[in-house]
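Shown below: query18.cif, with mmCIF, C-alpha atoms.
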data_upload
#
loop_
_atom_site.label_atom_id
_atom_site.label_comp_id
_atom_site.auth_asym_id
_atom_site.auth_seq_id
_atom_site.Cartn_x
_atom_site.Cartn_y
_atom_site.Cartn_z
CA MET A 12 21.01 14.67 41.76
CA LEU A 13 22.03 18.15 40.59
CA ARG A 14 21.27 19.09 36.98
CA PRO A 15 22.01 22.22 34.95
CA ILE A 16 19.22 24.79 35.18
CA ASP A 17 19.98 26.46 31.85
CA LEU A 18 18.13 24.05 29.52
CA GLU A 19 19.01 26.10 26.47
CA SER A 20 22.69 25.27 26.90
CA LEU A 21 22.06 21.53 26.91
CA LEU A 22 21.75 21.12 23.15
CA SER A 23 23.75 22.30 20.17
CA ALA A 24 22.14 24.75 17.75
CA ASP A 25 21.62 22.06 15.09
CA HIS A 26 20.39 19.28 17.40
CA ARG A 27 17.55 17.14 16.06
CA ALA A 28 15.34 17.98 19.05
CA ARG A 29 15.41 21.65 18.02
CA LEU A 30 14.32 20.70 14.51
CA VAL A 31 11.45 18.64 15.93
CA TRP A 32 10.30 21.56 18.09
CA ALA A 33 10.48 23.99 15.17
CA PHE A 34 8.38 21.57 13.11
CA VAL A 35 5.77 21.18 15.87
CA GLU A 36 5.53 24.95 16.30
CA GLY A 37 4.37 25.16 12.68
CA LEU A 38 1.55 22.65 13.14
CA ASP A 39 -2.09 23.51 13.72
CA LEU A 40 -2.75 21.96 17.14
CA SER A 41 -6.13 23.61 17.74
CA PRO A 42 -7.97 20.23 17.63
CA PHE A 43 -5.79 19.06 20.54
CA HIS A 44 -6.53 22.24 22.51
CA ALA A 45 -10.26 21.79 21.90
CA ARG A 46 -10.17 18.48 23.81
CA ILE A 47 -8.70 19.99 26.97
CA ARG A 48 -11.38 19.99 29.65
CA ALA A 49 -9.49 21.83 32.41
CA VAL A 50 -9.90 25.39 31.11
CA GLU A 51 -10.36 28.78 32.76
CA GLY A 52 -13.56 28.90 34.76
CA HIS A 53 -13.73 25.12 35.21
CA SER A 54 -12.24 22.74 37.73
CA GLY A 55 -9.08 20.76 37.13
CA ARG A 56 -5.32 21.28 37.15
CA PRO A 57 -3.70 23.09 34.19
CA ALA A 58 -3.13 20.76 31.27
CA ILE A 59 0.24 20.16 29.63
CA ASP A 60 0.58 22.02 26.34
CA PRO A 61 -0.20 19.52 23.53
CA ALA A 62 2.82 20.87 21.64
CA ILE A 63 5.11 19.38 24.30
CA LEU A 64 3.44 15.98 24.15
CA VAL A 65 3.42 15.91 20.33
CA ALA A 66 7.08 16.93 20.23
CA LEU A 67 8.06 14.29 22.81
CA TRP A 68 6.32 11.47 20.94
CA LEU A 69 7.62 12.66 17.57
CA TYR A 70 11.20 12.83 18.80
CA ALA A 71 10.83 9.48 20.60
CA THR A 72 9.54 7.91 17.37
CA LEU A 73 12.53 9.24 15.45
CA GLU A 74 14.80 7.75 18.12
CA GLY A 75 13.03 4.36 18.06
CA VAL A 76 11.34 4.74 21.47
CA GLY A 77 7.75 3.46 21.61
CA SER A 78 7.12 2.84 25.31
CA ALA A 79 5.48 5.48 27.49
CA ARG A 80 7.45 4.28 30.52
CA ALA A 81 10.73 4.48 28.59
CA LEU A 82 9.82 7.99 27.40
CA ASP A 83 8.96 8.97 30.98
CA ARG A 84 12.41 7.87 32.12
CA LEU A 85 14.12 9.71 29.27
CA CYS A 86 12.28 12.92 30.16
CA ARG A 87 14.05 12.80 33.51
CA GLU A 88 17.47 11.56 32.40
CA HIS A 89 18.13 12.57 28.77
CA ASP A 90 19.04 16.18 27.92
CA ALA A 91 17.17 16.26 24.58
CA TYR A 92 13.90 15.13 26.16
CA ARG A 93 14.40 17.44 29.14
CA TRP A 94 14.87 20.32 26.71
CA LEU A 95 11.64 19.45 24.91
CA CYS A 96 9.80 19.31 28.25
CA GLY A 97 11.07 22.81 29.05
CA GLY A 98 10.82 22.24 32.79
CA VAL A 99 7.29 20.76 32.60
CA SER A 100 6.88 17.53 34.56
CA VAL A 101 5.32 14.62 32.65
CA ASN A 102 4.70 11.00 33.59
CA TYR A 103 4.11 7.79 31.68
CA HIS A 104 0.37 7.81 32.41
CA THR A 105 -0.08 11.23 30.80
CA LEU A 106 2.07 10.22 27.83
CA ALA A 107 0.18 6.96 27.29
CA ASP A 108 -3.25 8.59 27.67
CA PHE A 109 -2.34 11.32 25.20
CA ARG A 110 -1.20 8.85 22.54
CA ALA A 111 -4.18 6.54 23.00
CA GLY A 112 -6.77 9.30 23.27
CA SER A 113 -5.47 11.38 20.37
CA ALA A 114 -4.81 8.64 17.81
CA ASP A 115 -7.21 10.15 15.27
CA LEU A 116 -5.69 13.63 15.62
CA LEU A 117 -2.16 12.24 15.29
CA ASP A 118 -3.24 10.47 12.10
CA ASP A 119 -4.57 13.78 10.79
CA LEU A 120 -1.21 15.40 11.58
CA LEU A 121 0.54 12.70 9.53
CA VAL A 122 -1.74 13.46 6.58
CA GLN A 123 -1.16 17.21 6.92
CA SER A 124 2.61 16.75 7.12
CA VAL A 125 2.77 14.51 4.05
CA ALA A 126 0.44 16.87 2.17
CA ALA A 127 2.83 19.74 2.92
CA LEU A 128 5.76 17.68 1.64
CA LEU A 129 3.75 16.84 -1.49
CA ALA A 130 3.09 20.53 -2.11
CA SER A 131 6.80 21.32 -1.75
CA GLY A 132 7.84 18.48 -4.05
CA GLU A 133 9.85 16.65 -1.38
CA VAL A 134 7.44 13.70 -1.70
CA THR A 135 5.83 12.69 -5.00
CA LEU A 136 4.13 9.30 -4.37
CA THR A 137 4.82 8.50 -8.02
CA ARG A 138 6.52 5.27 -7.01
CA VAL A 139 5.76 3.70 -3.64
CA ALA A 140 6.96 0.54 -1.93
CA HIS A 141 4.68 -1.59 0.21
CA ASP A 142 5.58 -4.20 2.79
CA GLY A 143 4.24 -5.73 5.97
CA ILE A 144 5.50 -6.88 9.34
CA ARG A 145 3.95 -9.25 11.87
CA ILE A 146 3.75 -7.66 15.31
CA ARG A 147 3.54 -9.98 18.29
CA ALA A 148 0.34 -9.52 20.29
CA SER A 149 0.34 -9.53 24.08
CA ALA A 150 -2.20 -12.38 24.09
CA GLY A 151 -0.99 -15.66 25.54
CA ALA A 152 -1.81 -19.08 24.13
CA ALA A 153 -3.99 -19.80 27.17
CA SER A 154 -6.25 -16.84 26.31
CA PHE A 155 -7.57 -18.56 23.16
CA HIS A 156 -10.80 -20.47 23.74
CA ARG A 157 -13.54 -22.20 21.75
CA ARG A 158 -17.03 -20.74 21.49
CA SER A 159 -18.47 -22.86 24.30
CA THR A 160 -15.73 -21.78 26.72
CA ILE A 161 -16.08 -18.10 25.81
CA GLU A 162 -19.84 -18.27 26.29
CA ARG A 163 -19.28 -19.81 29.73
CA HIS A 164 -16.81 -17.06 30.66
CA LEU A 165 -19.23 -14.38 29.43
CA ALA A 166 -22.07 -15.76 31.54
CA ALA A 167 -19.82 -15.85 34.62
CA ALA A 168 -18.60 -12.29 34.03
CA GLU A 169 -22.11 -10.93 33.55
CA ALA A 170 -23.26 -12.65 36.73
CA GLN A 171 -20.32 -11.12 38.62
CA VAL A 172 -21.12 -7.65 37.23
CA ALA A 173 -24.72 -7.93 38.42
CA ALA A 174 -23.66 -9.12 41.88
CA LEU A 175 -21.08 -6.34 42.28
CA LYS A 176 -23.58 -3.68 41.19
CA ALA A 177 -26.02 -4.89 43.83
CA GLU A 178 -23.25 -4.88 46.45
CA LEU A 179 -22.20 -1.38 45.41
CA ASP A 180 -25.73 -0.03 45.86
CA ALA A 181 -26.18 -1.70 49.25
CA ASP A 182 -22.85 -0.77 50.90
CA PRO A 183 -22.82 2.76 52.36
CA ALA A 184 -19.10 2.86 53.20
CA ALA A 185 -17.14 5.13 50.83
CA THR A 186 -13.96 3.05 50.91
CA ASN A 187 -15.83 -0.14 50.23
CA ARG A 188 -17.74 1.60 47.45
CA ARG A 189 -14.49 2.52 45.72
CA ILE A 190 -13.20 -1.04 46.02
CA ALA A 191 -16.50 -2.47 44.78
CA ALA A 192 -16.59 0.02 41.90
CA ALA A 193 -13.11 -1.04 40.79
CA SER A 194 -14.10 -4.71 40.99
CA GLU A 195 -17.29 -4.03 39.04
CA ARG A 196 -15.36 -2.17 36.37
CA ALA A 197 -12.86 -5.04 36.02
CA ALA A 198 -15.68 -7.56 35.72
CA ARG A 199 -17.44 -5.39 33.15
CA GLU A 200 -14.25 -5.15 31.09
CA ARG A 201 -13.87 -8.95 31.19
CA ALA A 202 -17.43 -9.30 29.93
CA GLU A 203 -16.77 -6.80 27.11
CA ARG A 204 -13.66 -8.71 26.04
CA ALA A 205 -15.60 -11.97 26.05
CA ARG A 206 -18.31 -10.41 23.86
CA ALA A 207 -15.63 -9.11 21.49
CA ALA A 208 -14.08 -12.60 21.31
CA LEU A 209 -17.48 -14.11 20.46
CA ALA A 210 -17.99 -11.45 17.78
CA ALA A 211 -14.60 -12.33 16.26
CA LEU A 212 -15.32 -16.07 16.02
CA PRO A 213 -17.44 -15.97 12.81
CA ALA A 214 -14.59 -14.34 10.88
CA ILE A 215 -12.11 -16.91 12.23
CA GLU A 216 -14.45 -19.77 11.32
CA ALA A 217 -14.94 -18.34 7.81
CA ALA A 218 -11.17 -18.09 7.36
CA LYS A 219 -10.80 -21.72 8.38
CA ARG A 220 -13.42 -22.75 5.83
CA ARG A 221 -11.64 -20.77 3.11
CA ARG A 222 -8.44 -22.63 3.91
CA ARG A 223 -10.42 -25.88 3.62
CA THR A 224 -9.15 -27.05 6.96
CA ALA A 225 -10.18 -30.46 8.16
CA GLU A 226 -11.11 -29.07 11.58
CA PRO A 227 -14.78 -28.29 12.19
CA SER A 228 -15.76 -24.66 12.72
CA GLU A 229 -16.30 -25.39 16.43
CA ALA A 230 -12.50 -25.73 16.73
CA ALA A 231 -12.03 -22.02 15.92
CA ARG A 232 -10.60 -20.14 18.88
CA ALA A 233 -10.49 -16.46 19.84
CA SER A 234 -8.53 -14.65 22.53
CA THR A 235 -10.43 -13.26 25.49
CA THR A 236 -7.67 -10.70 26.17
CA ASP A 237 -6.90 -9.58 22.56
CA PRO A 238 -9.95 -10.54 20.46
CA GLU A 239 -8.49 -9.03 17.28
CA ALA A 240 -5.23 -11.00 17.49
CA ARG A 241 -4.78 -13.99 15.15
CA ILE A 242 -2.31 -16.85 15.11
CA MET A 243 0.29 -15.98 12.45
CA ARG A 244 3.65 -17.22 11.35
CA LEU A 245 6.33 -14.79 12.51
CA GLY A 246 9.81 -14.13 11.17
CA ASP A 247 11.39 -16.87 13.28
CA GLY A 248 9.04 -19.46 11.79
CA ALA A 249 6.98 -19.85 14.97
CA TYR A 250 3.20 -19.42 15.07
CA ARG A 251 2.07 -16.91 17.70
CA PRO A 252 -0.76 -14.38 18.28
CA ALA A 253 0.05 -11.33 16.19
CA TYR A 254 -1.18 -8.47 14.00
CA ASN A 255 -0.20 -7.78 10.39
CA ALA A 256 0.99 -4.18 10.00
CA GLN A 257 1.12 -2.81 6.44
CA LEU A 258 3.35 0.17 5.55
CA THR A 259 3.49 2.18 2.34
CA THR A 260 6.62 4.27 1.68
CA ASP A 261 7.47 6.91 -0.89
CA VAL A 262 10.51 5.49 -2.71
CA GLY A 263 12.15 8.81 -3.50
CA SER A 264 12.12 10.24 0.04
CA GLY A 265 11.86 7.07 2.13
CA LEU A 266 8.93 8.59 4.05
CA VAL A 267 6.25 6.25 5.42
CA CYS A 268 3.04 7.79 4.07
CA ALA A 269 0.35 5.32 5.11
CA VAL A 270 -0.08 2.57 7.69
CA GLY A 271 -2.71 -0.12 8.07
CA VAL A 272 -3.20 -3.07 10.42
CA THR A 273 -5.00 -6.27 9.46
CA THR A 274 -5.85 -9.53 11.20
CA SER A 275 -4.96 -11.68 8.20
CA GLY A 276 -1.86 -13.84 8.31
CA SER A 277 -1.47 -13.49 4.54
CA ASP A 278 -0.36 -10.42 2.60
CA GLN A 279 -2.43 -11.27 -0.46
CA GLY A 280 -5.19 -8.77 -1.07
CA GLU A 281 -3.43 -5.91 0.72
CA LEU A 282 -2.20 -3.90 -2.29
CA ARG A 283 -5.53 -2.39 -3.27
CA PRO A 284 -6.30 -1.25 0.31
CA ALA A 285 -2.82 0.34 0.42
CA VAL A 286 -3.47 2.33 -2.76
CA GLU A 287 -6.94 3.28 -1.52
CA ARG A 288 -5.45 4.61 1.74
CA LEU A 289 -3.15 6.90 -0.24
CA GLU A 290 -5.96 8.07 -2.49
CA ARG A 291 -8.28 8.68 0.44
CA ALA A 292 -5.69 10.66 2.40
CA PHE A 293 -3.93 12.59 -0.38
CA GLY A 294 -6.08 12.27 -3.50
CA ILE A 295 -3.21 10.58 -5.37
CA ARG A 296 -2.87 7.12 -6.88
CA PRO A 297 0.78 6.05 -7.34
CA ALA A 298 1.87 5.22 -10.87
CA GLU A 299 4.05 2.31 -9.70
CA LEU A 300 3.79 0.04 -6.68
CA LEU A 301 6.69 -2.14 -5.51
CA ALA A 302 5.88 -5.18 -3.39
CA ASP A 303 7.09 -8.66 -2.54
CA GLY A 304 5.83 -11.57 -4.61
CA GLY A 305 3.74 -12.74 -1.66
CA TYR A 306 1.33 -9.86 -2.25
CA VAL A 307 0.59 -10.63 -5.87
CA THR A 308 -2.62 -12.11 -7.17
CA LEU A 309 -3.72 -11.84 -10.79
CA THR A 310 -7.06 -10.30 -9.81
CA GLU A 311 -5.43 -7.56 -7.77
CA VAL A 312 -2.76 -6.78 -10.38
CA GLU A 313 -5.41 -6.40 -13.06
CA ALA A 314 -7.61 -4.25 -10.81
CA LEU A 315 -4.70 -1.92 -10.01
CA ALA A 316 -3.66 -1.73 -13.67
CA ALA A 317 -7.21 -0.77 -14.64
CA CYS A 318 -6.96 2.19 -12.24
CA GLY A 319 -3.59 3.34 -13.55
CA THR A 320 -1.21 1.72 -11.03
CA THR A 321 1.43 -0.69 -12.29
CA SER A 322 2.36 -3.41 -9.82
CA MET A 323 6.03 -4.35 -9.70
CA PRO A 324 6.40 -7.53 -7.61
CA ARG A 325 9.81 -8.81 -6.64
CA ARG A 326 10.98 -12.00 -8.34
CA CYS A 327 12.46 -14.66 -6.11
CA GLY A 328 15.84 -16.34 -6.61
CA LEU A 329 17.45 -13.83 -8.98
CA GLY A 330 19.85 -12.34 -6.45
CA GLY A 331 20.46 -8.65 -5.82
CA VAL A 332 17.79 -6.09 -5.09
CA GLY A 333 18.41 -4.30 -8.39
CA THR A 334 17.62 -7.41 -10.42
CA GLN A 335 14.73 -8.55 -8.26
CA ILE A 336 12.32 -5.79 -9.32
CA ALA A 337 10.50 -6.69 -12.51
CA ARG A 338 7.50 -5.03 -14.09
CA PHE A 339 4.45 -7.27 -13.93
CA GLN A 340 2.02 -6.66 -16.77
CA PRO A 341 -1.29 -8.57 -16.68
CA THR A 342 -1.39 -8.64 -20.49
CA ALA A 343 1.86 -10.65 -20.58
CA LEU A 344 0.38 -13.59 -18.68
CA PRO A 345 -0.11 -16.87 -20.57
CA SER A 346 -3.51 -17.23 -22.18
CA PRO A 347 -5.97 -19.69 -20.55
CA PRO A 348 -6.67 -23.12 -22.01
CA GLY A 349 -8.37 -22.71 -25.35
CA GLY A 350 -7.25 -19.09 -25.67
CA PRO A 351 -5.01 -17.56 -28.37
CA GLY A 352 -1.69 -19.34 -28.65
CA TRP A 353 -2.73 -22.22 -26.38
CA GLY A 354 -2.30 -24.95 -28.99
CA ALA A 355 1.09 -23.66 -30.19
CA ARG A 356 2.41 -23.49 -26.64
CA GLN A 357 1.30 -27.04 -25.88
CA ALA A 358 2.97 -28.25 -29.07
CA ARG A 359 6.27 -26.61 -28.11
CA ARG A 360 6.12 -28.23 -24.69
CA SER A 361 5.49 -31.69 -26.15
CA THR A 362 8.38 -31.42 -28.64
CA GLY A 363 10.80 -29.72 -26.28
CA SER A 364 11.40 -26.90 -28.77
CA GLY A 365 10.66 -24.12 -26.34
CA PRO A 366 13.26 -21.80 -24.83
CA PRO A 367 15.78 -23.41 -22.46
CA PRO A 368 15.10 -23.11 -18.76
CA PRO A 369 17.09 -20.47 -16.85
CA SER A 370 20.43 -21.63 -15.48
CA GLY A 371 21.03 -21.78 -11.76
#

Would it be possible to restate this file's structure as structure tokens?
Amino acid sequence: MLRPIDLESLLSADHRARLVWAFVEGLDLSPFHARIRAVEGHSGRPAIDPAILVALWLYATLEGVGSARALDRLCREHDAYRWLCGGVSVNYHTLADFRAGSADLLDDLLVQSVAALLASGEVTLTRVAHDGIRIRASAGAASFHRRSTIERHLAAAEAQVAALKAELDADPAATNRRIAAASERAARERAERARAALAALPAIEAAKRRRRTAEPSEAARASTTDPEARIMRLGDGAYRPAYNAQLTTDVGSGLVCAVGVTTSGSDQGELRPAVERLERAFGIRPAELLADGGYVTLTEVEALAACGTTSMPRRCGLGGVGTQIARFQPTALPSPPGGPGWGARQARRSTGSGPPPPSG
């Protein structure tokens, strides 16, 4: 298929891809360059400039593309991605390896970018909104096993690793060595996943005990393919293996400033970690925090208030986003039994002289 050679003519002067490239050119990418092993005087083919890979993933994220294979296809077929590549050939393996191997550096870039926006006043973090989303894990139901089954799988995998290592040492044929090495690596990875699943079981058993489940702790199950995945209720009401992603957004700009992932199916207890992520990354504690009512616990609200952050949970059943946000002040909570005003409140309840219940 014939394509235009003049890449510069593919995009308009104000195209979003040009803005992305201009932004990436202003970033300090020296930590990415420091990880390149194929340098002058050493073996290896020339590496792709990290600026291209960062720009491709940034633009793909803005366009809602998260798959390395999909991005690979777009780099061949879509003019904006072809322009960003600048004639450099990339493939899905390189794209996936870059994202997985540079996760810490990409996180640092997020912090640097938000810090720059804070310095310019585009982002203030004075009021932030926090919410979560359950993300379906790739683990299947059949991958969840009890402790006894996981231990049996681990023993079998370790025995297979030992046998394949012995076979690898004894076989002189190069082709057979490569095949045996791949088999040994696969068996070793199965054993590592089984160990990770066993390590995850105590936390799962403790969570079951906290929920006061009638099942014994032996009934706790962990996945041998995704040990960190937990059974959670998703948006469609079904219970499936998933992760709980937590996002904190600056209300004024709409920018996502911090992201966390937990293995808990409940959102309670996630507000303090969200504020701590912001403080750790940017040295700022938000003055106000908006969140759904499912996040709120009295202990957490009081702890945040003591540190200068006012929680503003959303009331349920009032209709309309504007009327759903209400300031939640710990001092306005009813006093405990025996506390100030307890007797008067009980008297009003018994005589029916209290305020009428809300209509509707």

Checklist entry - For Phe155 of chain A, which of A:Met243, A:Leu121, A:Ala208, A:Leu30 is the closest residue, counting only C-alpha atoms? => result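 Looking at the shortest contact to Phe155 of chain A, the residue is A:Ala208.
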
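From atom CA of Pro297 of chain A back to atom CA of Leu136 of chain A, the distance works out to 5.5 Å.
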
Next on the checklist: Quick one: residues within 6 Å of segment 138-141 of chain A, all atoms listed in the file, excluding same-chain residues fewer than 5 positions away - as a ChimeraX atom specification?
Outcome noted: /A:258-262,297,299-302

Could those selected residues go to a file with C-alpha atoms, as a short mmCIF file (atom, residue, chain, number, x, y, z; two decimals), in the frame of the given file?
data_model
loop_
_atom_site.label_atom_id
_atom_site.label_comp_id
_atom_site.auth_asym_id
_atom_site.auth_seq_id
_atom_site.Cartn_x
_atom_site.Cartn_y
_atom_site.Cartn_z
CA LEU A 258 3.35 0.17 5.55
CA THR A 259 3.49 2.18 2.34
CA THR A 260 6.62 4.27 1.68
CA ASP A 261 7.47 6.91 -0.89
CA VAL A 262 10.51 5.49 -2.71
CA PRO A 297 0.78 6.05 -7.34
CA GLU A 299 4.05 2.31 -9.70
CA LEU A 300 3.79 0.04 -6.68
CA LEU A 301 6.69 -2.14 -5.51
CA ALA A 302 5.88 -5.18 -3.39
#

Checklist entry - What lies within 12 Å of Ala240 of chain A using all atoms listed in the file, ignoring chain neighbours under 3 positions off, as a ChimeraX atom specification? => result /A:145-152,154-155,207-208,211-212,214-215,232-237,243,251-256,272-276

Checklist entry - So which one's closest to Glu36 of chain A, A:Tyr103, A:Ala66, A:Ala111, A:Arg288? Using all atoms listed in the file, please. => result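 Looking only at the distances to Glu36 of chain A, the closest residue turns out to be A:Ala66.
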
Taking 6 positions as the minimum chain separation for residues in the same chain, which residues sit within 9 Å of segment 17-21 of chain A when counting only C-alpha atoms? Answer as a short mmCIF file (atom, residue, chain, number, x, y, z; two decimals) with C-alpha atoms, in the frame of the given file.
data_model
loop_
_atom_site.label_atom_id
_atom_site.label_comp_id
_atom_site.auth_asym_id
_atom_site.auth_seq_id
_atom_site.Cartn_x
_atom_site.Cartn_y
_atom_site.Cartn_z
CA ASP A 90 19.04 16.18 27.92
CA ALA A 91 17.17 16.26 24.58
CA ARG A 93 14.40 17.44 29.14
CA TRP A 94 14.87 20.32 26.71
CA GLY A 97 11.07 22.81 29.05
CA GLY A 98 10.82 22.24 32.79
#

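Atom pair atom CA of Arg296 of chain A / atom CA of Leu38 of chain A: separated by 25.7 Å.
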
Next on the checklist: What's around segment 40-54 of chain A at 9 Å? Count all atoms listed in the file, leave out sequence neighbours fewer than 5 positions away in its own chain, and write the answer as a ChimeraX atom specification.
Outcome noted: /A:35,60-62,113,116,120

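Take the candidates A:Arg283, A:Arg204, A:Arg56, A:Arg199 and check each one against Glu239 of chain A using all atoms listed in the file; the shortest distance goes to A:Arg204.
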
Next on the checklist: Just to confirm, what's the straight-line distance from atom CA of Arg163 of chain A to atom CA of Arg206 of chain A in Å (one decimal)?
Outcome noted: 11.1 Å

Item to check | Pick from A:Met323, A:Leu128, A:Ala192, A:Ala107 nearest to Tyr306 of chain A, counting only C-alpha atoms | outcome: A:Met323

Checklist entry - So which residues fall inside 12 Å of (-16.0, -1.4, 37.4) if we count all atoms listed in the file? Mind giving them as a list in words? => result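 Here is the list of nearby residues: Ala168, Glu169, Gln171, Val172, Ala173, Ala174, Leu175, Lys176, Leu179, Arg188, Arg189, Ile190, Ala191, Ala192, Ala193, Ser194, Glu195, Arg196, Ala197, Ala198, Arg199, Glu200, Arg201, Ala202 and Glu203 of chain A.
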
With C-alpha atoms retained, write the just-selected residues as a PDB file, in the frame of the given file.
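Result written to out-v2.pdb:
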ATOM      1  CA  ALA A 168     -18.600 -12.290  34.030  1.00  0.00           C
ATOM      2  CA  GLU A 169     -22.110 -10.930  33.550  1.00  0.00           C
ATOM      3  CA  GLN A 171     -20.320 -11.120  38.620  1.00  0.00           C
ATOM      4  CA  VAL A 172     -21.120  -7.650  37.230  1.00  0.00           C
ATOM      5  CA  ALA A 173     -24.720  -7.930  38.420  1.00  0.00           C
ATOM      6  CA  ALA A 174     -23.660  -9.120  41.880  1.00  0.00           C
ATOM      7  CA  LEU A 175     -21.080  -6.340  42.280  1.00  0.00           C
ATOM      8  CA  LYS A 176     -23.580  -3.680  41.190  1.00  0.00           C
ATOM      9  CA  LEU A 179     -22.200  -1.380  45.410  1.00  0.00           C
ATOM     10  CA  ARG A 188     -17.740   1.600  47.450  1.00  0.00           C
ATOM     11  CA  ARG A 189     -14.490   2.520  45.720  1.00  0.00           C
ATOM     12  CA  ILE A 190     -13.200  -1.040  46.020  1.00  0.00           C
ATOM     13  CA  ALA A 191     -16.500  -2.470  44.780  1.00  0.00           C
ATOM     14  CA  ALA A 192     -16.590   0.020  41.900  1.00  0.00           C
ATOM     15  CA  ALA A 193     -13.110  -1.040  40.790  1.00  0.00           C
ATOM     16  CA  SER A 194     -14.100  -4.710  40.990  1.00  0.00           C
ATOM     17  CA  GLU A 195     -17.290  -4.030  39.040  1.00  0.00           C
ATOM     18  CA  ARG A 196     -15.360  -2.170  36.370  1.00  0.00           C
ATOM     19  CA  ALA A 197     -12.860  -5.040  36.020  1.00  0.00           C
ATOM     20  CA  ALA A 198     -15.680  -7.560  35.720  1.00  0.00           C
ATOM     21  CA  ARG A 199     -17.440  -5.390  33.150  1.00  0.00           C
ATOM     22  CA  GLU A 200     -14.250  -5.150  31.090  1.00  0.00           C
ATOM     23  CA  ARG A 201     -13.870  -8.950  31.190  1.00  0.00           C
ATOM     24  CA  ALA A 202     -17.430  -9.300  29.930  1.00  0.00           C
ATOM     25  CA  GLU A 203     -16.770  -6.800  27.110  1.00  0.00           C
TER      26      GLU A 203
END

Next on the checklist: Using all atoms listed in the file, can you tell me which of A:Thr137, A:Thr321, A:Asp108, A:Leu315 comes closest to Glu281 of chain A?
Outcome noted: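 Smallest separation from Glu281 of chain A among the options: A:Leu315.
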
Checklist entry - Skipping near chain neighbours, those fewer than 4 positions away, what residues fall within 8 Å of segment 71-83 of chain A using all atoms listed in the file, listed as a ChimeraX atom specification? => result /A:67,87,101-104,106-107
